[in-house]
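J.: The following file, my_file26.cif, comprises mmCIF, C-alpha atoms:
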```cif
data_coords
#
loop_
_atom_site.group_PDB
_atom_site.id
_atom_site.type_symbol
_atom_site.label_atom_id
_atom_site.label_comp_id
_atom_site.auth_asym_id
_atom_site.auth_seq_id
_atom_site.Cartn_x
_atom_site.Cartn_y
_atom_site.Cartn_z
ATOM 1 C CA MET A 860 0.000 0.000 0.000
ATOM 2 C CA SER A 861 1.573 3.323 -1.068
ATOM 3 C CA GLU A 862 1.339 6.555 0.857
ATOM 4 C CA LYS A 863 -0.628 9.499 -0.566
ATOM 5 C CA ASN A 864 2.142 11.998 0.378
ATOM 6 C CA GLU A 865 4.572 10.697 -2.237
ATOM 7 C CA PRO A 866 4.261 12.365 -5.644
ATOM 8 C CA SER A 867 3.470 10.077 -8.538
ATOM 9 C CA VAL A 868 6.051 9.247 -11.146
ATOM 10 C CA TRP A 869 4.147 11.343 -13.670
ATOM 11 C CA GLU A 870 4.101 14.400 -11.347
ATOM 12 C CA GLY A 871 7.822 14.042 -10.705
ATOM 13 C CA PHE A 872 8.540 13.754 -14.428
ATOM 14 C CA LYS A 873 6.338 16.775 -15.152
ATOM 15 C CA ALA A 874 8.159 18.824 -12.474
ATOM 16 C CA PHE A 875 11.502 17.777 -13.978
ATOM 17 C CA LEU A 876 10.469 18.857 -17.469
ATOM 18 C CA MET A 877 9.095 22.180 -16.290
ATOM 19 C CA ARG A 878 12.321 23.242 -14.586
ATOM 20 C CA GLY A 879 13.856 26.275 -16.235
ATOM 21 C CA ASN A 880 17.165 24.562 -16.915
ATOM 22 C CA VAL A 881 15.605 21.704 -18.864
ATOM 23 C CA VAL A 882 13.513 24.012 -21.026
ATOM 24 C CA ASP A 883 16.508 26.301 -21.660
ATOM 25 C CA LEU A 884 18.626 23.298 -22.581
ATOM 26 C CA ALA A 885 15.981 22.025 -24.996
ATOM 27 C CA VAL A 886 15.824 25.430 -26.694
ATOM 28 C CA ALA A 887 19.629 25.527 -26.915
ATOM 29 C CA VAL A 888 19.735 22.093 -28.556
ATOM 30 C CA VAL A 889 17.136 23.082 -31.161
ATOM 31 C CA ILE A 890 18.929 26.364 -31.945
ATOM 32 C CA GLY A 891 22.261 24.518 -32.047
ATOM 33 C CA ALA A 892 20.908 22.003 -34.548
ATOM 34 C CA ALA A 893 19.663 24.804 -36.796
ATOM 35 C CA PHE A 894 22.970 26.642 -36.432
ATOM 36 C CA THR A 895 24.867 23.474 -37.393
ATOM 37 C CA ASN A 896 23.083 23.459 -40.747
ATOM 38 C CA ILE A 897 24.227 27.042 -41.373
ATOM 39 C CA VAL A 898 27.842 26.230 -40.519
ATOM 40 C CA ASN A 899 27.818 23.093 -42.670
ATOM 41 C CA SER A 900 26.458 25.150 -45.569
ATOM 42 C CA VAL A 901 29.256 27.701 -45.121
ATOM 43 C CA VAL A 902 31.874 24.940 -45.124
ATOM 44 C CA LYS A 903 30.392 23.189 -48.174
ATOM 45 C CA GLY A 904 29.569 26.369 -50.080
ATOM 46 C CA ILE A 905 32.596 28.572 -49.301
ATOM 47 C CA ILE A 906 35.427 26.668 -47.622
ATOM 48 C CA ASN A 907 35.325 23.568 -49.831
ATOM 49 C CA PRO A 908 35.406 25.580 -53.097
ATOM 50 C CA LEU A 909 38.343 27.611 -51.759
ATOM 51 C CA VAL A 910 40.153 24.380 -50.962
ATOM 52 C CA GLY A 911 38.984 23.085 -54.347
ATOM 53 C CA ALA A 912 40.957 25.860 -56.040
ATOM 54 C CA ILE A 913 44.061 24.075 -54.756
ATOM 55 C CA GLY A 914 42.946 20.467 -55.058
ATOM 56 C CA THR A 915 39.713 18.555 -55.014
ATOM 57 C CA LYS A 916 36.438 20.370 -54.313
ATOM 58 C CA ASN A 917 35.286 17.936 -51.650
ATOM 59 C CA LEU A 918 37.444 17.572 -48.541
ATOM 60 C CA ASP A 919 36.137 14.037 -48.069
ATOM 61 C CA HIS A 920 38.244 12.921 -51.048
ATOM 62 C CA TYR A 921 41.533 13.735 -49.310
ATOM 63 C CA SER A 922 43.006 10.519 -47.951
ATOM 64 C CA SER A 923 46.222 8.604 -47.474
ATOM 65 C CA CYS A 924 46.843 4.947 -48.125
ATOM 66 C CA LEU A 925 48.579 2.759 -45.568
ATOM 67 C CA SER A 926 48.769 -0.382 -47.677
ATOM 68 C CA SER A 927 50.594 -0.979 -50.946
ATOM 69 C CA THR A 928 47.408 -1.104 -53.035
ATOM 70 C CA CYS A 929 44.537 1.298 -52.564
ATOM 71 C CA GLY A 930 41.828 1.170 -55.167
ATOM 72 C CA GLY A 931 38.119 1.517 -54.547
ATOM 73 C CA GLU A 932 37.456 -0.215 -51.257
ATOM 74 C CA GLN A 933 40.686 -2.198 -51.236
ATOM 75 C CA GLY A 934 43.545 -1.269 -48.953
ATOM 76 C CA ILE A 935 43.679 0.711 -45.757
ATOM 77 C CA GLN A 936 42.800 4.363 -46.232
ATOM 78 C CA ILE A 937 42.940 7.191 -43.716
ATOM 79 C CA LEU A 938 40.276 9.726 -44.643
ATOM 80 C CA TRP A 939 41.905 12.801 -43.139
ATOM 81 C CA GLY A 940 39.941 15.142 -45.410
ATOM 82 C CA SER A 941 36.688 14.449 -43.584
ATOM 83 C CA VAL A 942 38.461 15.116 -40.263
ATOM 84 C CA LEU A 943 39.759 18.399 -41.686
ATOM 85 C CA GLY A 944 36.227 19.358 -42.795
ATOM 86 C CA ALA A 945 34.787 18.569 -39.364
ATOM 87 C CA THR A 946 37.593 20.549 -37.715
ATOM 88 C CA LEU A 947 36.879 23.552 -39.942
ATOM 89 C CA SER A 948 33.173 23.314 -39.079
ATOM 90 C CA PHE A 949 34.026 23.246 -35.387
ATOM 91 C CA VAL A 950 36.407 26.216 -35.609
ATOM 92 C CA ILE A 951 33.880 28.259 -37.575
ATOM 93 C CA THR A 952 31.119 27.379 -35.099
ATOM 94 C CA ALA A 953 33.319 28.260 -32.130
ATOM 95 C CA ALA A 954 34.364 31.569 -33.720
ATOM 96 C CA VAL A 955 30.793 32.584 -34.522
ATOM 97 C CA VAL A 956 29.565 31.644 -31.054
ATOM 98 C CA TYR A 957 32.429 33.542 -29.419
ATOM 99 C CA PHE A 958 32.276 36.709 -31.529
ATOM 100 C CA LEU A 959 28.499 36.949 -31.888
ATOM 101 C CA MET A 960 27.363 35.653 -28.496
ATOM 102 C CA VAL A 961 30.025 35.313 -25.799
ATOM 103 C CA LEU A 962 32.029 38.496 -26.428
ATOM 104 C CA PRO A 963 29.029 40.871 -26.683
ATOM 105 C CA MET A 964 27.402 39.263 -23.638
ATOM 106 C CA SER A 965 30.552 39.599 -21.523
ATOM 107 C CA LYS A 966 30.915 43.265 -22.560
ATOM 108 C CA TYR A 967 27.272 43.878 -21.699
ATOM 109 C CA LEU A 968 27.612 42.196 -18.305
ATOM 110 C CA ALA A 969 30.772 44.224 -17.569
ATOM 111 C CA ARG A 970 28.893 47.456 -18.341
ATOM 112 C CA VAL A 971 25.975 46.412 -16.145
ATOM 113 C CA GLU A 972 28.357 45.561 -13.288
ATOM 114 C CA ALA A 973 30.200 48.887 -13.689
ATOM 115 C CA ARG A 974 26.899 50.784 -13.570
ATOM 116 C CA ARG A 975 25.817 48.862 -10.484
ATOM 117 C CA LYS A 976 29.086 49.635 -8.686
ATOM 118 C CA ALA A 977 28.911 53.293 -9.680
ATOM 119 C CA LYS A 978 25.314 53.497 -8.492
ATOM 120 C CA GLU A 979 26.166 51.985 -5.125
ATOM 121 C CA GLY A 980 29.282 54.105 -4.806
ATOM 122 C CA THR A 981 31.200 51.175 -3.417
ATOM 123 C CA GLN A 982 34.921 51.021 -3.311
ATOM 124 C CA GLU A 983 36.850 47.860 -3.931
ATOM 125 C CA VAL A 984 37.129 45.685 -0.870
ATOM 126 C CA ILE A 985 40.694 45.131 0.267
ATOM 127 C CA GLU A 986 41.265 41.478 0.911
ATOM 128 C CA VAL A 987 42.845 40.834 4.289
ATOM 129 C CA THR A 988 44.391 37.505 5.084
ATOM 130 C CA GLU A 989 43.578 35.639 8.254
ATOM 131 C CA LEU A 990 47.163 36.070 9.486
ATOM 132 C CA GLU A 991 46.961 39.860 9.134
ATOM 133 C CA VAL A 992 43.704 39.941 11.131
ATOM 134 C CA LEU A 993 45.252 37.812 13.886
ATOM 135 C CA LYS A 994 48.298 40.130 14.031
ATOM 136 C CA GLU A 995 46.008 43.157 14.412
ATOM 137 C CA ILE A 996 44.099 41.449 17.249
ATOM 138 C CA ARG A 997 47.379 40.549 18.958
ATOM 139 C CA ASP A 998 48.670 44.112 18.652
ATOM 140 C CA ALA A 999 45.400 45.512 20.038
ATOM 141 C CA LEU A 1000 45.560 43.151 23.036
ATOM 142 C CA VAL A 1001 49.196 44.058 23.724
ATOM 143 C CA ALA A 1002 48.342 47.765 23.544
ATOM 144 C CA GLN A 1003 45.393 47.240 25.874
ATOM 145 C CA ARG A 1004 47.535 45.451 28.466
ATOM 146 C CA GLY A 1005 50.259 48.094 28.231
ATOM 147 C CA SER A 1006 47.860 50.963 28.939
ATOM 148 C CA GLY A 1007 47.449 50.181 32.657
ATOM 149 C CA HIS A 1008 45.131 47.220 32.714
ATOM 150 C CA ASN A 1009 47.568 45.035 34.674
ATOM 151 C CA GLU A 1010 45.786 44.137 37.929
ATOM 152 C CA GLN A 1011 48.247 41.738 39.512
#
```
Would you give me this structure, written as structure tokens?
T.:
Amino acid sequence: MSEKNEPSVWEGFKAFLMRGNVVDLAVAVVIGAAFTNIVNSVVKGIINPLVGAIGTKNLDHYSSCLSSTCGGEQGIQILWGSVLGATLSFVITAAVVYFLMVLPMSKYLARVEARRKAKEGTQEVIEVTELEVLKEIRDALVAQRGSGHNEQ
């Protein structure tokens, strides 16, 4: 016999899905998937033709052969061109995310923080180590004893 106080599995699952972090993460995944298509189009439409001016138009065709005979599907091939294409996609994605999202957001947050500090009129807090505080307490106690508080 189960207790009525325990939430049902469905209620727990619903509460989990409705958390802000889960919804934000789901939105980020959907946007990321759409953004991946844009980056892949840039690599296939711009980067690959630029590389094609030097060699083959498709990076997937760049490979090296480890065995003595490589023809068709025979031999051992290392397809380093596809790794290069994926690396370029990653670098382009990282650059776009940094320059269009991270950098402007960090500048905005720095301005907001500067305005908040200016509004409060606060000065920077000087960090004091525990040892310095203990030395000040010791010096204050020594000064207090030396000023005539010896009752022996």
J.: Just say which residues the PyMOL selection byres ((chain A and resi 898) around 12) picks in this file, as a list in words.
T.: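 When the PyMOL selection byres ((chain A and resi 898) around 12) is applied to the shown file, the picked residues are Gly891, Ala892, Ala893, Phe894, Thr895, Asn896, Ile897, Asn899, Ser900, Val901, Val902, Lys903, Gly904, Ile905, Ile906, Gly944, Ala945, Thr946, Leu947, Ser948, Phe949, Val950, Ile951, Thr952, Ala953, Ala954, Val955 and Val956 of chain A.
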J.: One number please: atom CA of A:Leu884 to atom CA of A:Met960, in Å, one decimal.
T.: 16.2 Å
J.: In Å to one decimal, how far is atom CA of A:Val971 from atom CA of A:Ala885?
T.: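 A separation of 27.8 Å between them.
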J.: Using the chain letters and residue numbers of this document, give as a PyMOL selection string the residues selected by the PyMOL selection byres ((chain A and resi 925) around 12).
T.: chain A and resi 922-924+926-930+933-938
J.: If I take atom CA of A:Leu968 and atom CA of A:Asn880, how far is one from the other in Å, to one decimal?
T.: 20.5 Å
J.: Carefully work through the PyMOL selection byres ((chain A and resi 918) around 8) for this structure and note down the residues it includes, as a PyMOL selection string.
T.: chain A and resi 907+910+915-917+919-921+940-941+943-944
J.: For stretch 885-904 of chain A, where the input has fewer atoms than it should, I would like N, CA, C and O atoms rebuilt and written as a compact mmCIF listing (two decimals), keeping the file's coordinate frame.
T.:
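Final file, result23.txt:
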```
# COMPACT_ATOMS: atom_id res chain seq x y z
N ALA A 885 16.68 22.50 -23.81
CA ALA A 885 15.98 22.02 -25.00
C ALA A 885 15.99 23.08 -26.10
O ALA A 885 16.23 22.77 -27.27
N VAL A 886 15.78 24.34 -25.72
CA VAL A 886 15.82 25.43 -26.69
C VAL A 886 17.23 25.55 -27.28
O VAL A 886 17.40 25.71 -28.50
N ALA A 887 18.25 25.43 -26.43
CA ALA A 887 19.63 25.53 -26.92
C ALA A 887 19.95 24.41 -27.89
O ALA A 887 20.65 24.63 -28.89
N VAL A 888 19.47 23.21 -27.65
CA VAL A 888 19.74 22.09 -28.56
C VAL A 888 19.08 22.34 -29.91
O VAL A 888 19.69 22.10 -30.96
N VAL A 889 17.84 22.82 -29.91
CA VAL A 889 17.14 23.08 -31.16
C VAL A 889 17.84 24.18 -31.94
O VAL A 889 18.08 24.06 -33.16
N ILE A 890 18.21 25.27 -31.28
CA ILE A 890 18.93 26.36 -31.94
C ILE A 890 20.29 25.87 -32.45
O ILE A 890 20.72 26.21 -33.55
N GLY A 891 20.97 25.06 -31.64
CA GLY A 891 22.26 24.52 -32.05
C GLY A 891 22.15 23.65 -33.28
O GLY A 891 23.02 23.68 -34.17
N ALA A 892 21.10 22.85 -33.37
CA ALA A 892 20.91 22.00 -34.55
C ALA A 892 20.68 22.85 -35.79
O ALA A 892 21.23 22.57 -36.86
N ALA A 893 19.89 23.91 -35.66
CA ALA A 893 19.66 24.80 -36.80
C ALA A 893 20.95 25.53 -37.17
O ALA A 893 21.24 25.71 -38.36
N PHE A 894 21.72 25.93 -36.18
CA PHE A 894 22.97 26.64 -36.43
C PHE A 894 23.99 25.72 -37.11
O PHE A 894 24.77 26.16 -37.95
N THR A 895 23.96 24.44 -36.77
CA THR A 895 24.87 23.47 -37.39
C THR A 895 24.63 23.41 -38.89
O THR A 895 25.58 23.32 -39.68
N ASN A 896 23.38 23.47 -39.31
CA ASN A 896 23.08 23.46 -40.75
C ASN A 896 23.68 24.67 -41.44
O ASN A 896 24.19 24.56 -42.56
N ILE A 897 23.64 25.83 -40.79
CA ILE A 897 24.23 27.04 -41.37
C ILE A 897 25.73 26.88 -41.53
O ILE A 897 26.31 27.17 -42.58
N VAL A 898 26.39 26.39 -40.47
CA VAL A 898 27.84 26.23 -40.52
C VAL A 898 28.23 25.20 -41.58
O VAL A 898 29.18 25.41 -42.34
N ASN A 899 27.51 24.10 -41.65
CA ASN A 899 27.82 23.09 -42.67
C ASN A 899 27.65 23.66 -44.07
O ASN A 899 28.44 23.34 -44.97
N SER A 900 26.65 24.52 -44.27
CA SER A 900 26.46 25.15 -45.57
C SER A 900 27.61 26.08 -45.90
O SER A 900 28.06 26.15 -47.06
N VAL A 901 28.11 26.82 -44.90
CA VAL A 901 29.26 27.70 -45.12
C VAL A 901 30.49 26.88 -45.51
O VAL A 901 31.22 27.23 -46.44
N VAL A 902 30.71 25.77 -44.81
CA VAL A 902 31.87 24.94 -45.12
C VAL A 902 31.75 24.34 -46.53
O VAL A 902 32.69 24.38 -47.32
N LYS A 903 30.56 23.82 -46.86
CA LYS A 903 30.39 23.19 -48.17
C LYS A 903 30.33 24.21 -49.31
O LYS A 903 30.78 23.95 -50.41
N GLY A 904 29.75 25.39 -49.03
CA GLY A 904 29.57 26.37 -50.08
C GLY A 904 30.72 27.34 -50.27
O GLY A 904 30.90 27.88 -51.36
```
